[in-house]
Amino acid sequence: MASPDLLVYNGRIYLRPDSDTRVEALSVTDGRVSGIGSSREMLKLRSASIDSLDLHGRIAIPGLADSHIHLLGYGTLMRTLNLSSAHSILEIQRMLAKAVSKKPKDQWILGRGWDQEKLREHRYPERSDIDIVANPVFLRRICGHVAVANSAALTAAGVNESTPDPFGGEIDRDSTDKPNGILKERAIELVSRSIPRDETETRQALLVASEKLLAQGVTALHCMIEDSQEFEVLRELKKEGKVEQTIYAILPLNMIDRVGSLEDRPGSWVNGFRVGGIKIFLDGSLGARTAALGEPYDDDLSSSGMLTTSREQLLGLIEKTRESSLQLCLHAIGDKAVELGVRTLSETLGPNDCQKSRHRIEHASLMSPDLTRSMAHLGLVASVQPRFIYSDSWAEKRLGAERIRYLYAFKSMLGAGIHLAAGSDSPSDDSSPIEGLWSAVSRPGLPPAERLTTSEALSCYTTGAAYASFSERDEGTLEVGKWANMAVLDRDPFECAPETLRNLRVVQTIVRGKVFRWN
C-alpha cells in the first residue's frame, strides 16, 4: 500500500452530509481518501515525507458543489457594473455616469443586478433613462431574464421599430412602436450577441469566479456555459490546472450542432472536466414575471408569463439529443413550464430513459403535488436554488397565499423521492452555499412546512449534486477511494440553530488533498 501524501487529523470530519458518520482523521493518497480513523491511528503513518494538517478541533464536511452557476456571468459581474445596491433609477444613472468617465466613447458599459422591486420608481429602467451616456449600455436585471439597452446599444445591434419579437421573447415598445430599450427573454440575445468580448477578458472572469467560489468551500461546479468561447477557455484553464474545481459543463442550445465535433466526448470525465448536458429554456423568472404560470400573477392579472420553447420545439430538441448521451437540463420555474417539460419527457422518453440519463429540471420552483409525483415517477433530478427562498421577498405578492405553499417545496420533493441538487444560479443570487444552506433550513418568509433539516440541505450540495453530474463514485462523500474534497468550517453545522447557520465560515478548502487556507 502506497504511503499517504497528507494526513488530516484532530478534527470532527463528517464523511457524509449527516451527523452520524464522524471520524477524527483521514489520510490522502494521490488526491483520494485512503484511510479513516482516530488521530492516534492516522498519526502512526506520519513521516518526514508526509504533509499533515491539524484541524485543531474544527469541522470538515465533504466539499460543496454549485449545481447551477453561470461562471462567466459571475466573474463578469465582479469586473463590471454591479447594480444590486441601486434603490432608484437616479442611482443607476449616477453609477453609469461614474463608469463612463473611465471608458472610451465607443466602449460598451455592461452591468447587472437592478431589481425594479427595490427601485423607488417600482418600474423597469428604460432606454430614455440610460441615454444619459453616449456609450452603448446594456444592463441586465438581477435574474438575467430582462435587460435594458440604451439607444447606442440598440443601434449597434440593429434593433429598431421594424425588428419583430422573436419567439419566446419580447421587445417592449413605446406609443410610437419604437423599442423602449426593455428586452425580455430571447429578445435579450438580439443585443447581447453584438457585445464584443475577447478571450483575455473571458479567462480573467472565469479565474476570478472560480477562486471566489473555492474560498466558499465549493469544489465542484455545474457550469451553465454561455457560448463556445467560454467553453473553450474554461476547458483550457482546467487542463492548465488553473481551475481547481471539477467542471460539469452544461452547454447552451446554440452549441447543440457542435456536440458531435467536440474534442471532449459527452459523458466522459477527462482531467476533472465533463461535457454533461444541454440547457433548454422553457420560461423566464418570477421576478421578471416571465415565468410561465398556469394561472395569472396575483399582482398582474393580465399576465401569466411566457413559454420560451413550444411543445413542438421541445419534441424536436429531445429527438436531436436522444443519441448524444447529453443530459437534458430544462429551465422551468413556473408550474406551466414544469408541466410542459415533465409531460413531454414522459411522452417521449418515459421513466427508464429519464432515470438512465438523469434528465434535470433546472429550478422547478413552483411545484404542485401532482407535478411532484410526476417528476418522481420519471426519475427526474431537480436542480434547485435554496437562496431564492430568502431573495424572493415579494413571492407572496406575486403568487398569492394559496400558491405560495408550493413554492420551493423541497421537503415534499425529497419525500416523493426526487433527487435534489442545490446551486446558486449566480450571478442571479448570492453564490455562497452557506447562504443557501441557511435559507433551506430556516426558510425565511415562507411557510415552514417545507423546511429541510441541516443534513437534508447539505445532501443537496454534496451527494445530490454528485448524483446529478454522474460523479457519485468520486465526489459527494469522504469515503475511502473518493476524492479528498473538503470544506473546513469554524463551527459544527449540526449543532447550529437554523437561524445561525448563515454565520458559518469556511476557513480552509481541500481539493484532491491540496489545502487552501482563507484566514
# chains A, B, ... in the order shown; residues from 1 in each chain; ligands from 1
>>> residues_around(residues="stretch 420-437 of chain A", least_positions_apart="3", cutoff="6 Å", atoms="only C-alpha atoms", output="number ranges by chain")
A: 66-70, 74, 142-143, 382-387, 440, 457, 460-461, 464-465, 502
>>> residues_around(residues="A:Thr309", least_positions_apart="2", cutoff="7 Å", atoms="only C-alpha atoms", output="PyMOL selection string")
chain A and resi 168+281-282+307+311+313-314
>>> write_last_selection(atoms="C-alpha atoms", output="PDB file, in the first residue's frame")
ATOM      1  CA  GLY A 168     -40.115  33.284 -26.623  1.00  0.00           C
ATOM      2  CA  PHE A 281     -35.138  27.401 -21.578  1.00  0.00           C
ATOM      3  CA  LEU A 282     -38.842  26.719 -21.172  1.00  0.00           C
ATOM      4  CA  LEU A 307     -43.163  29.903 -22.550  1.00  0.00           C
ATOM      5  CA  ARG A 311     -44.007  21.784 -27.261  1.00  0.00           C
ATOM      6  CA  GLN A 313     -39.709  22.726 -30.500  1.00  0.00           C
ATOM      7  CA  LEU A 314     -39.066  20.719 -27.352  1.00  0.00           C
TER       8      LEU A 314
END
>>> select_by_dssp(residues="stretch 251-458 of chain A", states="strand (DSSP E)", output="number ranges by chain")
A: 251, 273-281, 327-332, 360-363, 381-384, 419-422
>>> closest_residue(among="A:Gly35, A:Leu64, A:Gly267, A:Ser325", to="A:Pro17", atoms="only C-alpha atoms")
A:Leu64
>>> closest_residue(among="A:Pro351, A:Leu399, A:Glu236, A:Arg127", to="A:Ser303", atoms="only C-alpha atoms")
A:Leu399
>>> select_by_dssp(residues="stretch 106-150 of chain A", states="alpha helix (DSSP H)", output="number ranges by chain")
A: 127-130
>>> closest_atom_pairs(of="stretch 441-471 of chain A", to="stretch 57-63 of chain A", cutoff="10 Å", atoms="only C-alpha atoms", output="JSON lines")
{"residue": "A:Leu458", "atom": "CA", "partner": "A:Ile61", "partner_atom": "CA", "distance": 9.2}
{"residue": "A:Ser459", "atom": "CA", "partner": "A:Pro62", "partner_atom": "CA", "distance": 9.7}
{"residue": "A:Tyr461", "atom": "CA", "partner": "A:Gly63", "partner_atom": "CA", "distance": 8.5}
{"residue": "A:Thr462", "atom": "CA", "partner": "A:Pro62", "partner_atom": "CA", "distance": 6.8}
{"residue": "A:Thr463", "atom": "CA", "partner": "A:Pro62", "partner_atom": "CA", "distance": 9.0}
>>> closest_residue(among="A:Leu286, A:Ala134, A:Ala215, A:Leu253", to="A:Ser391", atoms="only C-alpha atoms")
A:Leu286
>>> residues_around(residues="A:Leu504", least_positions_apart="3", cutoff="12 Å", atoms="only C-alpha atoms", output="list in words")
Arg58, Ile59, Gln216, Gly217, Ser432, Pro433, Ile434, Glu435, Gly436, Leu437, Trp438, Ala487, Val488, Leu489, Asp490, Arg491, Asp492, Pro493, Phe494, Glu495, Cys496, Ala497, Pro498, Glu499, Thr500, Leu501 and Val507 of chain A
>>> residues_around(residues="A:Cys329", least_positions_apart="3", cutoff="9 Å", atoms="only C-alpha atoms", output="number ranges by chain")
A: 250, 277-281, 359-362, 383
>>> write_last_selection(atoms="N, CA and C atoms", output="PDB file, in the first residue's frame")
ATOM      1  N   ILE A 250     -22.557  22.267 -18.874  1.00  0.00           N
ATOM      2  CA  ILE A 250     -23.891  22.182 -19.461  1.00  0.00           C
ATOM      3  C   ILE A 250     -23.956  23.213 -20.582  1.00  0.00           C
ATOM      4  N   GLY A 277     -24.437  18.162 -20.187  1.00  0.00           N
ATOM      5  CA  GLY A 277     -25.820  18.388 -20.570  1.00  0.00           C
ATOM      6  C   GLY A 277     -26.000  19.498 -21.579  1.00  0.00           C
ATOM      7  N   ILE A 278     -27.243  19.690 -21.957  1.00  0.00           N
ATOM      8  CA  ILE A 278     -27.632  20.787 -22.845  1.00  0.00           C
ATOM      9  C   ILE A 278     -28.784  21.509 -22.158  1.00  0.00           C
ATOM     10  N   LYS A 279     -28.704  22.835 -22.081  1.00  0.00           N
ATOM     11  CA  LYS A 279     -29.720  23.609 -21.383  1.00  0.00           C
ATOM     12  C   LYS A 279     -30.753  24.140 -22.367  1.00  0.00           C
ATOM     13  N   ILE A 280     -32.020  23.956 -22.014  1.00  0.00           N
ATOM     14  CA  ILE A 280     -33.118  24.433 -22.840  1.00  0.00           C
ATOM     15  C   ILE A 280     -34.040  25.267 -21.957  1.00  0.00           C
ATOM     16  N   PHE A 281     -34.254  26.518 -22.333  1.00  0.00           N
ATOM     17  CA  PHE A 281     -35.138  27.401 -21.578  1.00  0.00           C
ATOM     18  C   PHE A 281     -36.592  27.139 -21.954  1.00  0.00           C
ATOM     19  N   HIS A 359     -32.086  13.150 -16.509  1.00  0.00           N
ATOM     20  CA  HIS A 359     -32.504  14.449 -17.022  1.00  0.00           C
ATOM     21  C   HIS A 359     -32.957  15.333 -15.863  1.00  0.00           C
ATOM     22  N   ARG A 360     -32.739  16.632 -16.027  1.00  0.00           N
ATOM     23  CA  ARG A 360     -32.919  17.580 -14.935  1.00  0.00           C
ATOM     24  C   ARG A 360     -33.951  18.654 -15.276  1.00  0.00           C
ATOM     25  N   ILE A 361     -34.663  19.081 -14.256  1.00  0.00           N
ATOM     26  CA  ILE A 361     -35.442  20.313 -14.322  1.00  0.00           C
ATOM     27  C   ILE A 361     -34.664  21.350 -13.522  1.00  0.00           C
ATOM     28  N   GLU A 362     -34.206  22.370 -14.192  1.00  0.00           N
ATOM     29  CA  GLU A 362     -33.460  23.439 -13.520  1.00  0.00           C
ATOM     30  C   GLU A 362     -34.454  24.405 -12.878  1.00  0.00           C
ATOM     31  N   SER A 383     -32.799  20.484  -9.984  1.00  0.00           N
ATOM     32  CA  SER A 383     -31.653  21.332  -9.671  1.00  0.00           C
ATOM     33  C   SER A 383     -32.199  22.643  -9.110  1.00  0.00           C
TER      34      SER A 383
END
>>> residues_around(residues="stretch 372-375 of chain A", least_positions_apart="3", cutoff="7 Å", atoms="only C-alpha atoms", output="NGL selection string")
:A and (342 or 367-369 or 378-380 or 413 or 416)
>>> closest_residue(among="A:Leu183, A:Ile171, A:Met255, A:Ile130", to="A:Ile92", atoms="only C-alpha atoms")
A:Ile130
>>> residues_around(residues="A:Glu230", least_positions_apart="4", cutoff="8 Å", atoms="only C-alpha atoms", output="mmCIF file with N, CA and C atoms, in the first residue's frame")
data_model
loop_
_atom_site.group_PDB
_atom_site.id
_atom_site.type_symbol
_atom_site.label_atom_id
_atom_site.label_comp_id
_atom_site.auth_asym_id
_atom_site.auth_seq_id
_atom_site.Cartn_x
_atom_site.Cartn_y
_atom_site.Cartn_z
ATOM 1 N N LEU A 72 -19.132 32.396 -16.012
ATOM 2 C CA LEU A 72 -18.668 33.586 -16.728
ATOM 3 C C LEU A 72 -19.444 34.813 -16.279
ATOM 4 N N THR A 202 -12.546 36.885 -20.925
ATOM 5 C CA THR A 202 -13.240 35.667 -20.509
ATOM 6 C C THR A 202 -12.381 34.869 -19.537
ATOM 7 N N ILE A 225 -22.834 26.987 -19.433
ATOM 8 C CA ILE A 225 -21.930 27.631 -20.388
ATOM 9 C C ILE A 225 -22.705 28.643 -21.235
ATOM 10 N N GLU A 226 -22.115 29.797 -21.450
ATOM 11 C CA GLU A 226 -22.793 30.862 -22.207
ATOM 12 C C GLU A 226 -22.618 30.703 -23.709
ATOM 13 N N LEU A 234 -12.659 27.772 -20.647
ATOM 14 C CA LEU A 234 -12.780 27.040 -19.383
ATOM 15 C C LEU A 234 -12.117 25.672 -19.476
#
>>> atom_distance(atom1="atom CA of A:Leu251", atom2="atom CA of A:Glu232")
11.4 Å
>>> closest_residue(among="A:Ser285, A:Lys239, A:Tyr124, A:Thr155", to="A:Asp172", atoms="only C-alpha atoms")
A:Tyr124
>>> closest_residue(among="A:Pro296, A:Gly284, A:Gly158, A:Gly73", to="A:Leu207", atoms="only C-alpha atoms")
A:Gly73
>>> decode(residues="stretch 32-181 of chain A", atoms="C-alpha atoms", output="PDB file, in the first residue's frame")
ATOM      1  CA  ARG A  32      -8.087  10.376  -2.761  1.00  0.00           C
ATOM      2  CA  VAL A  33      -9.145   9.367   0.732  1.00  0.00           C
ATOM      3  CA  SER A  34      -7.059   6.286   1.554  1.00  0.00           C
ATOM      4  CA  GLY A  35      -7.844   5.727   5.228  1.00  0.00           C
ATOM      5  CA  ILE A  36     -10.081   6.930   8.051  1.00  0.00           C
ATOM      6  CA  GLY A  37      -9.929   6.542  11.809  1.00  0.00           C
ATOM      7  CA  SER A  38      -8.762   8.175  15.001  1.00  0.00           C
ATOM      8  CA  SER A  39      -5.986  10.751  15.112  1.00  0.00           C
ATOM      9  CA  ARG A  40      -3.837   8.268  17.021  1.00  0.00           C
ATOM     10  CA  GLU A  41      -4.251   5.624  14.286  1.00  0.00           C
ATOM     11  CA  MET A  42      -3.610   8.010  11.399  1.00  0.00           C
ATOM     12  CA  LEU A  43      -0.613   9.709  13.012  1.00  0.00           C
ATOM     13  CA  LYS A  44       1.160   6.359  13.175  1.00  0.00           C
ATOM     14  CA  LEU A  45       1.601   6.792   9.421  1.00  0.00           C
ATOM     15  CA  ARG A  46       3.305  10.173   9.764  1.00  0.00           C
ATOM     16  CA  SER A  47       6.848  10.597   8.490  1.00  0.00           C
ATOM     17  CA  ALA A  48       9.056  13.429   7.310  1.00  0.00           C
ATOM     18  CA  SER A  49       7.854  12.978   3.723  1.00  0.00           C
ATOM     19  CA  ILE A  50       4.159  13.192   4.566  1.00  0.00           C
ATOM     20  CA  ASP A  51       2.351  16.523   4.938  1.00  0.00           C
ATOM     21  CA  SER A  52      -0.085  16.866   7.800  1.00  0.00           C
ATOM     22  CA  LEU A  53      -2.923  19.223   8.619  1.00  0.00           C
ATOM     23  CA  ASP A  54      -4.020  19.744  12.220  1.00  0.00           C
ATOM     24  CA  LEU A  55      -7.658  20.854  12.195  1.00  0.00           C
ATOM     25  CA  HIS A  56      -7.432  21.999  15.827  1.00  0.00           C
ATOM     26  CA  GLY A  57     -10.877  20.582  16.521  1.00  0.00           C
ATOM     27  CA  ARG A  58     -12.526  22.238  13.565  1.00  0.00           C
ATOM     28  CA  ILE A  59     -15.197  20.626  11.435  1.00  0.00           C
ATOM     29  CA  ALA A  60     -14.678  19.205   7.958  1.00  0.00           C
ATOM     30  CA  ILE A  61     -17.509  18.221   5.640  1.00  0.00           C
ATOM     31  CA  PRO A  62     -17.448  16.872   2.085  1.00  0.00           C
ATOM     32  CA  GLY A  63     -16.634  19.531  -0.492  1.00  0.00           C
ATOM     33  CA  LEU A  64     -19.673  21.518  -1.595  1.00  0.00           C
ATOM     34  CA  ALA A  65     -20.990  21.765  -5.136  1.00  0.00           C
ATOM     35  CA  ASP A  66     -22.770  24.511  -7.021  1.00  0.00           C
ATOM     36  CA  SER A  67     -25.182  22.644  -9.255  1.00  0.00           C
ATOM     37  CA  HIS A  68     -26.270  25.642 -11.306  1.00  0.00           C
ATOM     38  CA  ILE A  69     -23.892  28.524 -11.823  1.00  0.00           C
ATOM     39  CA  HIS A  70     -23.197  30.921 -14.667  1.00  0.00           C
ATOM     40  CA  LEU A  71     -19.459  31.054 -14.023  1.00  0.00           C
ATOM     41  CA  LEU A  72     -18.668  33.586 -16.728  1.00  0.00           C
ATOM     42  CA  GLY A  73     -21.561  35.816 -15.682  1.00  0.00           C
ATOM     43  CA  TYR A  74     -20.452  35.626 -12.047  1.00  0.00           C
ATOM     44  CA  GLY A  75     -16.894  36.538 -12.899  1.00  0.00           C
ATOM     45  CA  THR A  76     -18.002  39.283 -15.268  1.00  0.00           C
ATOM     46  CA  LEU A  77     -20.222  40.818 -12.595  1.00  0.00           C
ATOM     47  CA  MET A  78     -17.197  41.215 -10.344  1.00  0.00           C
ATOM     48  CA  ARG A  79     -15.430  43.073 -13.155  1.00  0.00           C
ATOM     49  CA  THR A  80     -18.289  45.244 -14.453  1.00  0.00           C
ATOM     50  CA  LEU A  81     -21.086  47.429 -13.068  1.00  0.00           C
ATOM     51  CA  ASN A  82     -22.906  45.811 -10.134  1.00  0.00           C
ATOM     52  CA  LEU A  83     -26.316  47.444  -9.766  1.00  0.00           C
ATOM     53  CA  SER A  84     -27.639  45.280  -6.934  1.00  0.00           C
ATOM     54  CA  SER A  85     -27.334  48.126  -4.427  1.00  0.00           C
ATOM     55  CA  ALA A  86     -29.329  50.612  -6.523  1.00  0.00           C
ATOM     56  CA  HIS A  87     -32.567  51.824  -4.920  1.00  0.00           C
ATOM     57  CA  SER A  88     -33.644  54.238  -7.637  1.00  0.00           C
ATOM     58  CA  ILE A  89     -33.177  54.904 -11.314  1.00  0.00           C
ATOM     59  CA  LEU A  90     -31.312  58.056 -10.317  1.00  0.00           C
ATOM     60  CA  GLU A  91     -28.746  55.886  -8.512  1.00  0.00           C
ATOM     61  CA  ILE A  92     -28.359  53.763 -11.649  1.00  0.00           C
ATOM     62  CA  GLN A  93     -27.775  56.950 -13.643  1.00  0.00           C
ATOM     63  CA  ARG A  94     -25.119  58.081 -11.170  1.00  0.00           C
ATOM     64  CA  MET A  95     -23.379  54.702 -11.405  1.00  0.00           C
ATOM     65  CA  LEU A  96     -23.432  54.957 -15.203  1.00  0.00           C
ATOM     66  CA  ALA A  97     -22.005  58.478 -15.149  1.00  0.00           C
ATOM     67  CA  LYS A  98     -19.145  57.313 -12.944  1.00  0.00           C
ATOM     68  CA  ALA A  99     -18.476  54.266 -15.118  1.00  0.00           C
ATOM     69  CA  VAL A 100     -18.469  56.206 -18.399  1.00  0.00           C
ATOM     70  CA  SER A 101     -15.860  58.643 -17.093  1.00  0.00           C
ATOM     71  CA  LYS A 102     -13.326  55.796 -17.199  1.00  0.00           C
ATOM     72  CA  LYS A 103     -14.128  54.427 -20.673  1.00  0.00           C
ATOM     73  CA  PRO A 104     -13.529  55.427 -24.304  1.00  0.00           C
ATOM     74  CA  LYS A 105     -16.650  56.675 -26.107  1.00  0.00           C
ATOM     75  CA  ASP A 106     -17.124  53.545 -28.195  1.00  0.00           C
ATOM     76  CA  GLN A 107     -16.659  51.013 -25.370  1.00  0.00           C
ATOM     77  CA  TRP A 108     -19.719  49.163 -24.062  1.00  0.00           C
ATOM     78  CA  ILE A 109     -20.845  49.652 -20.482  1.00  0.00           C
ATOM     79  CA  LEU A 110     -22.196  46.415 -19.066  1.00  0.00           C
ATOM     80  CA  GLY A 111     -23.955  45.881 -15.777  1.00  0.00           C
ATOM     81  CA  ARG A 112     -26.276  43.601 -13.897  1.00  0.00           C
ATOM     82  CA  GLY A 113     -28.237  43.417 -10.700  1.00  0.00           C
ATOM     83  CA  TRP A 114     -31.014  46.024 -10.872  1.00  0.00           C
ATOM     84  CA  ASP A 115     -34.350  44.922  -9.450  1.00  0.00           C
ATOM     85  CA  GLN A 116     -37.454  47.012 -10.019  1.00  0.00           C
ATOM     86  CA  GLU A 117     -38.858  45.742  -6.719  1.00  0.00           C
ATOM     87  CA  LYS A 118     -36.060  47.607  -4.927  1.00  0.00           C
ATOM     88  CA  LEU A 119     -36.230  50.763  -7.045  1.00  0.00           C
ATOM     89  CA  ARG A 120     -38.127  53.756  -5.699  1.00  0.00           C
ATOM     90  CA  GLU A 121     -39.959  54.049  -9.021  1.00  0.00           C
ATOM     91  CA  HIS A 122     -41.069  50.372  -8.964  1.00  0.00           C
ATOM     92  CA  ARG A 123     -40.600  50.064 -12.718  1.00  0.00           C
ATOM     93  CA  TYR A 124     -38.023  48.861 -15.200  1.00  0.00           C
ATOM     94  CA  PRO A 125     -35.444  51.428 -16.292  1.00  0.00           C
ATOM     95  CA  GLU A 126     -35.952  52.326 -19.966  1.00  0.00           C
ATOM     96  CA  ARG A 127     -33.826  53.469 -22.887  1.00  0.00           C
ATOM     97  CA  SER A 128     -34.550  57.121 -22.134  1.00  0.00           C
ATOM     98  CA  ASP A 129     -33.298  56.679 -18.563  1.00  0.00           C
ATOM     99  CA  ILE A 130     -29.888  55.410 -19.658  1.00  0.00           C
ATOM    100  CA  ASP A 131     -29.414  57.585 -22.737  1.00  0.00           C
ATOM    101  CA  ILE A 132     -27.633  59.976 -20.407  1.00  0.00           C
ATOM    102  CA  VAL A 133     -24.395  58.469 -21.754  1.00  0.00           C
ATOM    103  CA  ALA A 134     -23.340  58.112 -25.392  1.00  0.00           C
ATOM    104  CA  ASN A 135     -21.603  54.753 -24.973  1.00  0.00           C
ATOM    105  CA  PRO A 136     -23.576  51.589 -25.759  1.00  0.00           C
ATOM    106  CA  VAL A 137     -25.124  50.477 -22.443  1.00  0.00           C
ATOM    107  CA  PHE A 138     -26.613  47.058 -21.641  1.00  0.00           C
ATOM    108  CA  LEU A 139     -27.896  46.352 -18.132  1.00  0.00           C
ATOM    109  CA  ARG A 140     -29.430  43.018 -17.117  1.00  0.00           C
ATOM    110  CA  ARG A 141     -31.985  42.622 -14.376  1.00  0.00           C
ATOM    111  CA  ILE A 142     -30.662  40.574 -11.437  1.00  0.00           C
ATOM    112  CA  CYS A 143     -32.360  37.420 -12.755  1.00  0.00           C
ATOM    113  CA  GLY A 144     -30.858  37.839 -16.237  1.00  0.00           C
ATOM    114  CA  HIS A 145     -34.249  37.379 -17.921  1.00  0.00           C
ATOM    115  CA  VAL A 146     -34.866  41.082 -18.616  1.00  0.00           C
ATOM    116  CA  ALA A 147     -32.384  43.694 -19.785  1.00  0.00           C
ATOM    117  CA  VAL A 148     -32.415  47.328 -20.805  1.00  0.00           C
ATOM    118  CA  ALA A 149     -30.334  48.785 -23.636  1.00  0.00           C
ATOM    119  CA  ASN A 150     -29.804  52.430 -24.499  1.00  0.00           C
ATOM    120  CA  SER A 151     -30.135  53.924 -27.976  1.00  0.00           C
ATOM    121  CA  ALA A 152     -26.478  53.401 -28.848  1.00  0.00           C
ATOM    122  CA  ALA A 153     -26.664  49.707 -27.927  1.00  0.00           C
ATOM    123  CA  LEU A 154     -29.903  49.170 -29.881  1.00  0.00           C
ATOM    124  CA  THR A 155     -28.385  50.891 -32.914  1.00  0.00           C
ATOM    125  CA  ALA A 156     -25.205  48.812 -32.697  1.00  0.00           C
ATOM    126  CA  ALA A 157     -27.340  45.649 -32.603  1.00  0.00           C
ATOM    127  CA  GLY A 158     -29.619  46.786 -35.424  1.00  0.00           C
ATOM    128  CA  VAL A 159     -32.745  46.685 -33.252  1.00  0.00           C
ATOM    129  CA  ASN A 160     -35.415  49.185 -34.320  1.00  0.00           C
ATOM    130  CA  GLU A 161     -39.149  49.578 -34.842  1.00  0.00           C
ATOM    131  CA  SER A 162     -39.029  47.075 -37.712  1.00  0.00           C
ATOM    132  CA  THR A 163     -37.445  44.317 -35.632  1.00  0.00           C
ATOM    133  CA  PRO A 164     -40.005  41.583 -34.876  1.00  0.00           C
ATOM    134  CA  ASP A 165     -40.322  39.910 -31.494  1.00  0.00           C
ATOM    135  CA  PRO A 166     -38.507  36.562 -31.527  1.00  0.00           C
ATOM    136  CA  PHE A 167     -40.442  33.504 -30.388  1.00  0.00           C
ATOM    137  CA  GLY A 168     -40.115  33.284 -26.623  1.00  0.00           C
ATOM    138  CA  GLY A 169     -39.054  36.898 -26.334  1.00  0.00           C
ATOM    139  CA  GLU A 170     -40.483  40.384 -26.278  1.00  0.00           C
ATOM    140  CA  ILE A 171     -39.254  43.838 -27.300  1.00  0.00           C
ATOM    141  CA  ASP A 172     -41.126  46.426 -25.258  1.00  0.00           C
ATOM    142  CA  ARG A 173     -42.181  49.441 -27.313  1.00  0.00           C
ATOM    143  CA  ASP A 174     -43.377  52.992 -26.674  1.00  0.00           C
ATOM    144  CA  SER A 175     -46.512  54.637 -28.041  1.00  0.00           C
ATOM    145  CA  THR A 176     -44.851  55.151 -31.444  1.00  0.00           C
ATOM    146  CA  ASP A 177     -43.917  51.437 -31.663  1.00  0.00           C
ATOM    147  CA  LYS A 178     -40.242  52.295 -31.182  1.00  0.00           C
ATOM    148  CA  PRO A 179     -38.290  49.959 -28.838  1.00  0.00           C
ATOM    149  CA  ASN A 180     -38.116  51.499 -25.371  1.00  0.00           C
ATOM    150  CA  GLY A 181     -34.954  49.535 -24.537  1.00  0.00           C
TER     151      GLY A 181
END
